[in-house]
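See below for protein38.pdb, which holds PDB, C-alpha atoms, pLDDT in the B column.
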ATOM      1  CA  MET A   1      42.977  53.727  54.218  1.00 78.00           C
ATOM      2  CA  ASP A   2      42.243  55.829  51.149  1.00 85.00           C
ATOM      3  CA  VAL A   3      45.179  57.971  50.007  1.00 91.00           C
ATOM      4  CA  LEU A   4      45.570  60.902  47.632  1.00 92.00           C
ATOM      5  CA  LEU A   5      49.040  61.325  46.107  1.00 93.00           C
ATOM      6  CA  VAL A   6      49.692  64.878  44.913  1.00 93.00           C
ATOM      7  CA  SER A   7      52.720  65.116  42.633  1.00 93.00           C
ATOM      8  CA  ASP A   8      53.882  66.063  39.155  1.00 91.00           C
ATOM      9  CA  ASP A   9      56.018  62.913  39.115  1.00 91.00           C
ATOM     10  CA  ASP A  10      54.189  59.979  37.499  1.00 88.00           C
ATOM     11  CA  ASP A  11      56.437  57.619  39.453  1.00 89.00           C
ATOM     12  CA  PHE A  12      56.033  59.367  42.833  1.00 89.00           C
ATOM     13  CA  GLU A  13      54.670  56.171  44.368  1.00 86.00           C
ATOM     14  CA  SER A  14      58.140  54.620  44.019  1.00 87.00           C
ATOM     15  CA  ALA A  15      59.418  57.130  46.609  1.00 88.00           C
ATOM     16  CA  LEU A  16      57.254  55.293  49.147  1.00 89.00           C
ATOM     17  CA  PRO A  17      57.580  51.674  48.003  1.00 88.00           C
ATOM     18  CA  THR A  18      55.677  50.199  50.974  1.00 88.00           C
ATOM     19  CA  LEU A  19      52.660  52.511  50.659  1.00 89.00           C
ATOM     20  CA  LYS A  20      50.546  50.282  48.425  1.00 86.00           C
ATOM     21  CA  ALA A  21      50.472  47.496  51.007  1.00 86.00           C
ATOM     22  CA  LEU A  22      48.953  49.888  53.567  1.00 84.00           C
ATOM     23  CA  THR A  23      46.200  51.326  51.404  1.00 84.00           C
ATOM     24  CA  ARG A  24      42.811  50.352  50.083  1.00 77.00           C
ATOM     25  CA  ASN A  25      42.670  52.939  47.323  1.00 84.00           C
ATOM     26  CA  ILE A  26      45.213  55.391  45.897  1.00 89.00           C
ATOM     27  CA  ARG A  27      44.105  58.446  43.929  1.00 89.00           C
ATOM     28  CA  ARG A  28      46.431  60.826  42.130  1.00 90.00           C
ATOM     29  CA  ALA A  29      46.476  64.535  41.359  1.00 91.00           C
ATOM     30  CA  VAL A  30      49.107  66.929  40.066  1.00 91.00           C
ATOM     31  CA  LEU A  31      50.555  69.702  42.199  1.00 88.00           C
ATOM     32  CA  GLN A  32      49.036  72.423  40.040  1.00 77.00           C
ATOM     33  CA  ASP A  33      45.548  70.932  40.420  1.00 62.00           C
ATOM     34  CA  ASN A  34      43.171  73.577  41.762  1.00 48.00           C
ATOM     35  CA  GLY A  35      40.862  71.076  43.454  1.00 49.00           C
ATOM     36  CA  ASP A  36      38.611  68.816  41.413  1.00 50.00           C
ATOM     37  CA  GLY A  37      37.103  66.919  44.313  1.00 58.00           C
ATOM     38  CA  ARG A  38      39.620  64.089  44.396  1.00 62.00           C
ATOM     39  CA  HIS A  39      40.583  65.053  47.944  1.00 64.00           C
ATOM     40  CA  LYS A  40      37.083  64.158  49.118  1.00 65.00           C
ATOM     41  CA  ALA A  41      36.478  60.800  50.821  1.00 69.00           C
ATOM     42  CA  VAL A  42      40.208  60.184  51.404  1.00 83.00           C
ATOM     43  CA  ASP A  43      41.854  59.690  54.781  1.00 87.00           C
ATOM     44  CA  VAL A  44      45.203  61.259  54.004  1.00 91.00           C
ATOM     45  CA  ALA A  45      46.863  63.327  51.274  1.00 93.00           C
ATOM     46  CA  ILE A  46      50.585  62.839  50.639  1.00 94.00           C
ATOM     47  CA  ILE A  47      52.199  65.859  49.000  1.00 94.00           C
ATOM     48  CA  ASP A  48      55.378  65.636  46.926  1.00 94.00           C
ATOM     49  CA  ALA A  49      57.620  68.381  48.300  1.00 93.00           C
ATOM     50  CA  ARG A  50      60.925  66.962  47.089  1.00 93.00           C
ATOM     51  CA  THR A  51      61.583  69.690  44.511  1.00 89.00           C
ATOM     52  CA  ASN A  52      58.912  72.378  44.130  1.00 90.00           C
ATOM     53  CA  LEU A  53      58.684  73.601  47.733  1.00 91.00           C
ATOM     54  CA  ALA A  54      56.614  76.718  47.045  1.00 91.00           C
ATOM     55  CA  THR A  55      53.893  74.860  45.174  1.00 92.00           C
ATOM     56  CA  ALA A  56      53.904  71.989  47.672  1.00 93.00           C
ATOM     57  CA  ARG A  57      53.440  74.459  50.529  1.00 91.00           C
ATOM     58  CA  ALA A  58      50.493  76.065  48.731  1.00 91.00           C
ATOM     59  CA  VAL A  59      48.883  72.659  48.176  1.00 91.00           C
ATOM     60  CA  CYS A  60      49.240  71.743  51.856  1.00 90.00           C
ATOM     61  CA  ARG A  61      47.563  74.995  52.844  1.00 88.00           C
ATOM     62  CA  ARG A  62      44.809  74.536  50.277  1.00 87.00           C
ATOM     63  CA  LEU A  63      43.942  71.073  51.505  1.00 85.00           C
ATOM     64  CA  THR A  64      43.863  71.963  55.184  1.00 81.00           C
ATOM     65  CA  ALA A  65      41.583  74.901  54.410  1.00 77.00           C
ATOM     66  CA  SER A  66      39.140  73.055  52.168  1.00 76.00           C
ATOM     67  CA  ALA A  67      39.223  69.533  53.610  1.00 79.00           C
ATOM     68  CA  PRO A  68      39.840  69.797  57.379  1.00 78.00           C
ATOM     69  CA  GLY A  69      39.109  66.107  57.908  1.00 80.00           C
ATOM     70  CA  VAL A  70      41.931  64.962  55.611  1.00 88.00           C
ATOM     71  CA  ALA A  71      45.365  64.428  57.135  1.00 91.00           C
ATOM     72  CA  VAL A  72      48.223  65.995  55.162  1.00 93.00           C
ATOM     73  CA  LEU A  73      51.789  64.662  54.973  1.00 93.00           C
ATOM     74  CA  ALA A  74      54.630  66.199  52.985  1.00 94.00           C
ATOM     75  CA  VAL A  75      57.439  64.101  51.514  1.00 94.00           C
ATOM     76  CA  VAL A  76      60.603  66.209  51.600  1.00 93.00           C
ATOM     77  CA  ALA A  77      64.093  65.538  50.244  1.00 91.00           C
ATOM     78  CA  PRO A  78      66.762  65.380  52.983  1.00 89.00           C
ATOM     79  CA  THR A  79      68.475  68.492  51.589  1.00 88.00           C
ATOM     80  CA  ASN A  80      65.245  70.494  51.924  1.00 86.00           C
ATOM     81  CA  PHE A  81      64.156  69.216  55.306  1.00 84.00           C
ATOM     82  CA  VAL A  82      65.099  72.396  57.171  1.00 83.00           C
ATOM     83  CA  ALA A  83      63.172  74.528  54.675  1.00 84.00           C
ATOM     84  CA  VAL A  84      59.726  73.356  55.780  1.00 87.00           C
ATOM     85  CA  ASP A  85      57.892  75.028  58.642  1.00 85.00           C
ATOM     86  CA  VAL A  86      54.608  74.878  60.542  1.00 82.00           C
ATOM     87  CA  ASP A  87      53.082  77.479  58.222  1.00 85.00           C
ATOM     88  CA  TRP A  88      52.744  74.676  55.668  1.00 90.00           C
ATOM     89  CA  HIS A  89      49.838  73.396  57.813  1.00 87.00           C
ATOM     90  CA  PHE A  90      50.710  69.713  57.358  1.00 90.00           C
ATOM     91  CA  ASP A  91      50.252  67.021  59.989  1.00 90.00           C
ATOM     92  CA  ASP A  92      53.629  65.409  59.505  1.00 91.00           C
ATOM     93  CA  VAL A  93      56.665  65.359  57.241  1.00 91.00           C
ATOM     94  CA  LEU A  94      58.699  62.379  56.103  1.00 90.00           C
ATOM     95  CA  MET A  95      61.562  61.537  53.807  1.00 89.00           C
ATOM     96  CA  PRO A  96      61.461  59.330  50.708  1.00 89.00           C
ATOM     97  CA  ALA A  97      61.888  55.577  51.116  1.00 79.00           C
ATOM     98  CA  ALA A  98      60.487  55.563  54.657  1.00 84.00           C
ATOM     99  CA  GLY A  99      60.264  51.999  55.943  1.00 86.00           C
ATOM    100  CA  ALA A 100      56.942  50.187  56.231  1.00 87.00           C
ATOM    101  CA  ASP A 101      56.712  50.462  60.023  1.00 89.00           C
ATOM    102  CA  GLU A 102      57.601  54.152  60.072  1.00 90.00           C
ATOM    103  CA  LEU A 103      55.236  54.968  57.218  1.00 91.00           C
ATOM    104  CA  GLU A 104      52.307  53.113  58.773  1.00 90.00           C
ATOM    105  CA  ALA A 105      52.886  54.756  62.155  1.00 90.00           C
ATOM    106  CA  ARG A 106      53.149  58.254  60.701  1.00 90.00           C
ATOM    107  CA  LEU A 107      50.043  57.830  58.558  1.00 91.00           C
ATOM    108  CA  ARG A 108      48.023  56.419  61.442  1.00 88.00           C
ATOM    109  CA  LEU A 109      49.091  59.128  63.881  1.00 89.00           C
ATOM    110  CA  ALA A 110      48.517  61.909  61.344  1.00 90.00           C
ATOM    111  CA  ILE A 111      44.981  60.687  60.683  1.00 87.00           C
ATOM    112  CA  LYS A 112      44.320  60.344  64.402  1.00 83.00           C
ATOM    113  CA  ARG A 113      45.613  63.852  65.149  1.00 82.00           C
ATOM    114  CA  ARG A 114      43.569  65.394  62.351  1.00 83.00           C
ATOM    115  CA  ARG A 115      40.377  63.671  63.376  1.00 78.00           C
ATOM    116  CA  SER A 116      40.848  64.653  67.002  1.00 74.00           C
ATOM    117  CA  ALA A 117      41.105  68.291  65.873  1.00 72.00           C
ATOM    118  CA  VAL A 118      37.696  68.329  64.193  1.00 73.00           C
ATOM    119  CA  ASP A 119      34.255  67.146  65.217  1.00 73.00           C
ATOM    120  CA  GLY A 120      33.516  64.208  62.956  1.00 80.00           C
ATOM    121  CA  THR A 121      31.749  60.902  62.558  1.00 88.00           C
ATOM    122  CA  LEU A 122      33.082  57.597  61.283  1.00 89.00           C
ATOM    123  CA  LYS A 123      30.416  55.911  59.152  1.00 91.00           C
ATOM    124  CA  PHE A 124      30.555  52.177  58.511  1.00 94.00           C
ATOM    125  CA  GLY A 125      27.398  51.113  56.774  1.00 93.00           C
ATOM    126  CA  ASP A 126      24.574  51.581  59.295  1.00 94.00           C
ATOM    127  CA  LEU A 127      27.118  52.089  62.089  1.00 96.00           C
ATOM    128  CA  LEU A 128      28.056  55.610  63.198  1.00 95.00           C
ATOM    129  CA  LEU A 129      30.987  56.196  65.565  1.00 93.00           C
ATOM    130  CA  HIS A 130      31.543  59.537  67.305  1.00 90.00           C
ATOM    131  CA  PRO A 131      35.130  59.595  68.662  1.00 85.00           C
ATOM    132  CA  SER A 132      34.712  62.897  70.514  1.00 81.00           C
ATOM    133  CA  SER A 133      32.019  61.411  72.773  1.00 86.00           C
ATOM    134  CA  PHE A 134      32.831  57.672  72.552  1.00 90.00           C
ATOM    135  CA  ALA A 135      29.252  57.140  71.380  1.00 92.00           C
ATOM    136  CA  ALA A 136      28.030  54.747  68.709  1.00 95.00           C
ATOM    137  CA  SER A 137      24.710  54.127  67.019  1.00 95.00           C
ATOM    138  CA  LEU A 138      23.510  51.400  64.686  1.00 96.00           C
ATOM    139  CA  ALA A 139      20.604  52.047  62.321  1.00 92.00           C
ATOM    140  CA  GLY A 140      19.703  55.041  64.469  1.00 92.00           C
ATOM    141  CA  ASN A 141      19.788  53.178  67.802  1.00 94.00           C
ATOM    142  CA  GLU A 142      22.376  53.983  70.464  1.00 95.00           C
ATOM    143  CA  LEU A 143      24.582  50.998  71.298  1.00 96.00           C
ATOM    144  CA  GLY A 144      25.549  52.048  74.828  1.00 94.00           C
ATOM    145  CA  LEU A 145      29.187  50.994  74.481  1.00 95.00           C
ATOM    146  CA  THR A 146      31.713  51.291  77.268  1.00 95.00           C
ATOM    147  CA  VAL A 147      34.809  53.373  76.475  1.00 93.00           C
ATOM    148  CA  THR A 148      36.887  50.224  75.974  1.00 93.00           C
ATOM    149  CA  GLU A 149      34.265  48.630  73.733  1.00 95.00           C
ATOM    150  CA  PHE A 150      34.138  51.818  71.694  1.00 95.00           C
ATOM    151  CA  LYS A 151      37.926  51.966  71.331  1.00 92.00           C
ATOM    152  CA  LEU A 152      38.045  48.352  70.177  1.00 95.00           C
ATOM    153  CA  LEU A 153      35.246  48.780  67.631  1.00 96.00           C
ATOM    154  CA  ASN A 154      36.625  52.124  66.456  1.00 92.00           C
ATOM    155  CA  PHE A 155      40.090  50.657  65.840  1.00 91.00           C
ATOM    156  CA  LEU A 156      38.738  47.690  63.899  1.00 95.00           C
ATOM    157  CA  VAL A 157      36.479  49.907  61.784  1.00 93.00           C
ATOM    158  CA  GLN A 158      39.270  52.403  61.030  1.00 86.00           C
ATOM    159  CA  HIS A 159      41.320  49.476  59.707  1.00 86.00           C
ATOM    160  CA  ALA A 160      38.428  47.564  58.155  1.00 90.00           C
ATOM    161  CA  GLY A 161      39.544  44.691  55.965  1.00 91.00           C
ATOM    162  CA  ARG A 162      42.697  43.998  57.996  1.00 90.00           C
ATOM    163  CA  ALA A 163      43.032  41.284  60.615  1.00 93.00           C
ATOM    164  CA  PHE A 164      44.758  42.017  63.927  1.00 93.00           C
ATOM    165  CA  SER A 165      46.083  39.673  66.567  1.00 93.00           C
ATOM    166  CA  ARG A 166      44.765  39.811  70.117  1.00 92.00           C
ATOM    167  CA  THR A 167      48.178  41.047  71.271  1.00 90.00           C
ATOM    168  CA  ARG A 168      48.080  43.931  68.776  1.00 89.00           C
ATOM    169  CA  LEU A 169      44.551  44.834  69.857  1.00 92.00           C
ATOM    170  CA  MET A 170      45.625  44.817  73.508  1.00 90.00           C
ATOM    171  CA  HIS A 171      48.359  47.300  72.633  1.00 86.00           C
ATOM    172  CA  GLU A 172      46.132  49.542  70.524  1.00 84.00           C
ATOM    173  CA  VAL A 173      43.063  49.583  72.790  1.00 88.00           C
ATOM    174  CA  TRP A 174      44.348  48.947  76.292  1.00 85.00           C
ATOM    175  CA  GLY A 175      47.723  50.560  75.701  1.00 78.00           C
ATOM    176  CA  TYR A 176      50.013  47.743  76.709  1.00 69.00           C
ATOM    177  CA  ASP A 177      51.241  44.301  75.662  1.00 62.00           C
ATOM    178  CA  SER A 178      50.226  41.382  77.843  1.00 59.00           C
ATOM    179  CA  THR A 179      50.070  37.920  76.351  1.00 58.00           C
ATOM    180  CA  GLY A 180      48.655  36.626  79.623  1.00 60.00           C
ATOM    181  CA  ARG A 181      45.530  38.780  79.264  1.00 77.00           C
ATOM    182  CA  VAL A 182      44.782  38.565  75.560  1.00 78.00           C
ATOM    183  CA  ARG A 183      41.575  36.643  76.296  1.00 86.00           C
ATOM    184  CA  THR A 184      40.227  39.951  77.534  1.00 91.00           C
ATOM    185  CA  VAL A 185      39.910  40.827  73.860  1.00 93.00           C
ATOM    186  CA  ASP A 186      37.663  37.796  73.300  1.00 94.00           C
ATOM    187  CA  VAL A 187      35.402  38.897  76.156  1.00 95.00           C
ATOM    188  CA  HIS A 188      35.008  42.396  74.719  1.00 96.00           C
ATOM    189  CA  VAL A 189      34.390  41.060  71.213  1.00 97.00           C
ATOM    190  CA  ARG A 190      31.593  38.852  72.567  1.00 96.00           C
ATOM    191  CA  ARG A 191      30.054  41.867  74.304  1.00 96.00           C
ATOM    192  CA  LEU A 192      30.339  43.971  71.151  1.00 96.00           C
ATOM    193  CA  ARG A 193      28.680  41.303  69.032  1.00 97.00           C
ATOM    194  CA  ALA A 194      25.849  41.033  71.549  1.00 97.00           C
ATOM    195  CA  LYS A 195      25.254  44.781  71.357  1.00 96.00           C
ATOM    196  CA  LEU A 196      25.455  44.782  67.567  1.00 96.00           C
ATOM    197  CA  GLY A 197      22.751  42.110  67.488  1.00 95.00           C
ATOM    198  CA  THR A 198      22.299  39.010  65.373  1.00 94.00           C
ATOM    199  CA  GLU A 199      21.802  41.014  62.175  1.00 94.00           C
ATOM    200  CA  HIS A 200      25.113  42.871  62.482  1.00 95.00           C
ATOM    201  CA  GLU A 201      27.316  40.717  64.734  1.00 95.00           C
ATOM    202  CA  SER A 202      29.149  39.404  61.667  1.00 95.00           C
ATOM    203  CA  MET A 203      30.556  42.931  61.274  1.00 96.00           C
ATOM    204  CA  ILE A 204      33.379  41.674  63.540  1.00 97.00           C
ATOM    205  CA  ASP A 205      34.833  38.531  62.052  1.00 97.00           C
ATOM    206  CA  THR A 206      37.086  35.954  63.672  1.00 96.00           C
ATOM    207  CA  VAL A 207      40.131  35.243  61.506  1.00 95.00           C
ATOM    208  CA  ARG A 208      41.369  31.788  62.425  1.00 93.00           C
ATOM    209  CA  GLY A 209      44.997  31.758  63.480  1.00 92.00           C
ATOM    210  CA  VAL A 210      45.175  35.564  63.583  1.00 93.00           C
ATOM    211  CA  GLY A 211      42.513  37.365  65.603  1.00 95.00           C
ATOM    212  CA  TYR A 212      39.724  39.735  64.553  1.00 97.00           C
ATOM    213  CA  MET A 213      38.802  42.133  61.785  1.00 96.00           C
ATOM    214  CA  ALA A 214      35.969  44.428  60.706  1.00 96.00           C
ATOM    215  CA  VAL A 215      34.554  42.934  57.540  1.00 95.00           C
ATOM    216  CA  THR A 216      34.408  44.873  54.272  1.00 91.00           C
ATOM    217  CA  PRO A 217      32.381  45.985  52.442  1.00 90.00           C
ATOM    218  CA  PRO A 218      31.234  48.529  53.471  1.00 89.00           C
ATOM    219  CA  HIS A 219      34.287  50.741  53.749  1.00 86.00           C
ATOM    220  CA  PRO A 220      34.611  53.321  56.539  1.00 86.00           C
ATOM    221  CA  GLU A 221      33.922  56.932  55.652  1.00 84.00           C
ATOM    222  CA  TRP A 222      34.969  59.931  57.738  1.00 80.00           C
ATOM    223  CA  ILE A 223      32.356  62.699  57.826  1.00 82.00           C
ATOM    224  CA  ILE A 224      32.886  66.181  59.237  1.00 74.00           C
ATOM    225  CA  THR A 225      29.888  66.719  61.471  1.00 58.00           C
ATOM    226  CA  ASP A 226      30.184  70.502  61.652  1.00 49.00           C
ATOM    227  CA  PRO A 227      32.470  72.113  59.056  1.00 45.00           C
ATOM    228  CA  MET A 228      32.574  75.293  61.143  1.00 40.00           C
ATOM    229  CA  GLN A 229      34.490  73.501  63.892  1.00 43.00           C
ATOM    230  CA  ASN A 230      37.836  73.496  62.142  1.00 43.00           C
ATOM    231  CA  PRO A 231      41.334  73.737  63.595  1.00 44.00           C
ATOM    232  CA  GLY A 232      42.680  77.266  63.913  1.00 39.00           C
ATOM    233  CA  TRP A 233      44.810  77.070  60.790  1.00 38.00           C
ATOM    234  CA  ALA A 234      41.750  76.094  58.732  1.00 39.00           C
ATOM    235  CA  LEU A 235      40.051  79.332  59.709  1.00 35.00           C
ATOM    236  CA  GLU A 236      42.737  81.390  58.016  1.00 40.00           C
ATOM    237  CA  HIS A 237      41.049  82.432  54.774  1.00 34.00           C
ATOM    238  CA  ALA A 238      44.271  82.419  52.850  1.00 36.00           C
ATOM    239  CA  PRO A 239      44.224  83.578  49.217  1.00 35.00           C
ATOM    240  CA  ASP A 240      45.474  80.179  48.102  1.00 38.00           C
ATOM    241  CA  ALA A 241      42.511  78.246  49.498  1.00 35.00           C
ATOM    242  CA  ILE A 242      41.129  75.623  47.155  1.00 35.00           C
ATOM    243  CA  ALA A 243      38.239  76.785  45.009  1.00 31.00           C
ATOM    244  CA  GLN A 244      35.017  74.940  45.841  1.00 29.00           C
TER     245      GLN A 244
END

Show this structure as structure tokens.
Amino acid sequence: MDVLLVSDDDDFESALPTLKALTRNIRRAVLQDNGDGRHKAVDVAIIDARTNLATARAVCRRLTASAPGVAVLAVVAPTNFVAVDVDWHFDDVLMPAAGADELEARLRLAIKRRRSAVDGTLKFGDLLLHPSSFAASLAGNELGLTVTEFKLLNFLVQHAGRAFSRTRLMHEVWGYDSTGRVRTVDVHVRRLRAKLGTEHESMIDTVRGVGYMAVTPPHPEWIITDPMQNPGWALEHAPDAIAQ
């Protein structure tokens, strides 16, 4: 995933020591930044709210108003945890030094929640995925995927460049762990490759000893299909909205 860190602390990344291993690209901006476009083309913005709560709140509200497809997480010091509220318009809040598993889960769920709240498209080269309708097209041609095929392809594309075991894919796509049925994943991968065609079947790679992955490049890009279809909080034309 692509991440934007918003903080006045040059060493803010050390507050989340496991973040780098989960990301493809990390951009940085200061809290006082009035929006220079660095929030564009990122999956999630992590806001440093450990000290300057008022400014951090304003930044959260700015981002959700100007970039409704970007998930927003606030990092809050334990002593200030009770001071944050839903009017910050973030997707989640976490404390410094969150463990790798917790951080990955919170980032993934925040991105998923944000994208389910807006009408968007996941672009992966010539492949377009439309989560709201479980539809996919390749070079302008509809693929006719089943819901399960779509979920499998969508998960791999969202995490392009990372290999996942069949057991992990069973959990993510089918919703349960079953080592006795992991070959079901192989069947669905074969069907996906057939629908992608010989020119694009290599988009899903077999990683020996691990499982499967969506090959990079290209990198996935989330596109808001209709910027007018924003969550309710994004329609509040607050005075602290980011200047465009």

- Name every residue that the PyMOL selection byres ((chain A and resi 152-164) around 8) selects in this structure, writing the answer as a list in words with chains first and numbers rising.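 After applying the PyMOL selection byres ((chain A and resi 152-164) around 8), what remains is Met1, Phe124, Leu129, Pro131, Thr148, Glu149, Phe150, Lys151, Ser165, Arg166, Arg168, Leu169, Glu172, Val173, Leu192, Val207, Val210, Gly211, Tyr212, Met213, Ala214, Val215, Thr216, His219 and Pro220 of chain A.
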
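Put simply, atom CA of A:Ser133 is 20.1 Å away from atom CA of A:Ala110.
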
*asked:* Selection in question (the file shown): the PyMOL selection byres ((chain A and resi 137) around 12). Which residues does it include, as a VMD selection string?
replied: chain A and resid 121 to 131 133 to 136 138 to 145 150 153 195 to 196

**Asked** Within 10 Å of A:Ala71, counting only C-alpha atoms, which residues qualify if same-chain residues fewer than 4 places away don't, as a PyMOL selection string?
**Response** chain A and resi 3+42-46+60+63-64+67+90-92+107-115

Residues as selected, C-alpha atoms, written as a PDB file, keeping the file's coordinate frame, can you do that?
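Generated output (part-v2.pdb):
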ATOM      1  CA  VAL A   3      45.179  57.971  50.007  1.00 91.00           C
ATOM      2  CA  VAL A  42      40.208  60.184  51.404  1.00 83.00           C
ATOM      3  CA  ASP A  43      41.854  59.690  54.781  1.00 87.00           C
ATOM      4  CA  VAL A  44      45.203  61.259  54.004  1.00 91.00           C
ATOM      5  CA  ALA A  45      46.863  63.327  51.274  1.00 93.00           C
ATOM      6  CA  ILE A  46      50.585  62.839  50.639  1.00 94.00           C
ATOM      7  CA  CYS A  60      49.240  71.743  51.856  1.00 90.00           C
ATOM      8  CA  LEU A  63      43.942  71.073  51.505  1.00 85.00           C
ATOM      9  CA  THR A  64      43.863  71.963  55.184  1.00 81.00           C
ATOM     10  CA  ALA A  67      39.223  69.533  53.610  1.00 79.00           C
ATOM     11  CA  PHE A  90      50.710  69.713  57.358  1.00 90.00           C
ATOM     12  CA  ASP A  91      50.252  67.021  59.989  1.00 90.00           C
ATOM     13  CA  ASP A  92      53.629  65.409  59.505  1.00 91.00           C
ATOM     14  CA  LEU A 107      50.043  57.830  58.558  1.00 91.00           C
ATOM     15  CA  ARG A 108      48.023  56.419  61.442  1.00 88.00           C
ATOM     16  CA  LEU A 109      49.091  59.128  63.881  1.00 89.00           C
ATOM     17  CA  ALA A 110      48.517  61.909  61.344  1.00 90.00           C
ATOM     18  CA  ILE A 111      44.981  60.687  60.683  1.00 87.00           C
ATOM     19  CA  LYS A 112      44.320  60.344  64.402  1.00 83.00           C
ATOM     20  CA  ARG A 113      45.613  63.852  65.149  1.00 82.00           C
ATOM     21  CA  ARG A 114      43.569  65.394  62.351  1.00 83.00           C
ATOM     22  CA  ARG A 115      40.377  63.671  63.376  1.00 78.00           C
TER      23      ARG A 115
END

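Summary of the local environment: counting all atoms listed in the file, residues at most 6 Å from stretch 75-83 of chain A, other than itself and those fewer than 2 positions away along its chain, are Asp48, Ala49, Arg50, Val93, Leu94 and Met95 of chain A.
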
*Expressed in Å to a single decimal, how great is the separation between atom CA of A:Asp186 and atom CA of A:Ala105?*
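Answer for the atom CA of A:Asp186 to atom CA of A:Ala105 separation: 25.4 Å.
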
Run the PyMOL selection byres ((chain A and resi 89) around 10) on the file and write out the hits as a ChimeraX atom specification.
/A:57-65,72-74,85-88,90-92,233-234

Separating atom CA of A:Val182 from atom CA of A:Gly209, to the nearest tenth of an Å, is a gap of 13.9 Å

Counting all atoms listed in the file, the residue among A:Asp101, A:Ser7, A:Ser14, A:Gly69 that lies closest to A:Arg27 is A:Ser7

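Considering the residues A:Gly120, A:Asp2, A:Ser132, A:Asn25 and counting only C-alpha atoms, A:Pro68 has its shortest atom-to-atom contact with A:Gly120.
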
With all atoms of stretch 202-211 of chain A from the file as input, state the centre and edge lengths in Å to one decimal of the axis-aligned box that has 3 Å extra on each side, as JSON.
{"center_x": 37.2, "center_y": 37.3, "center_z": 63.4, "size_x": 22.0, "size_y": 17.2, "size_z": 10.3}
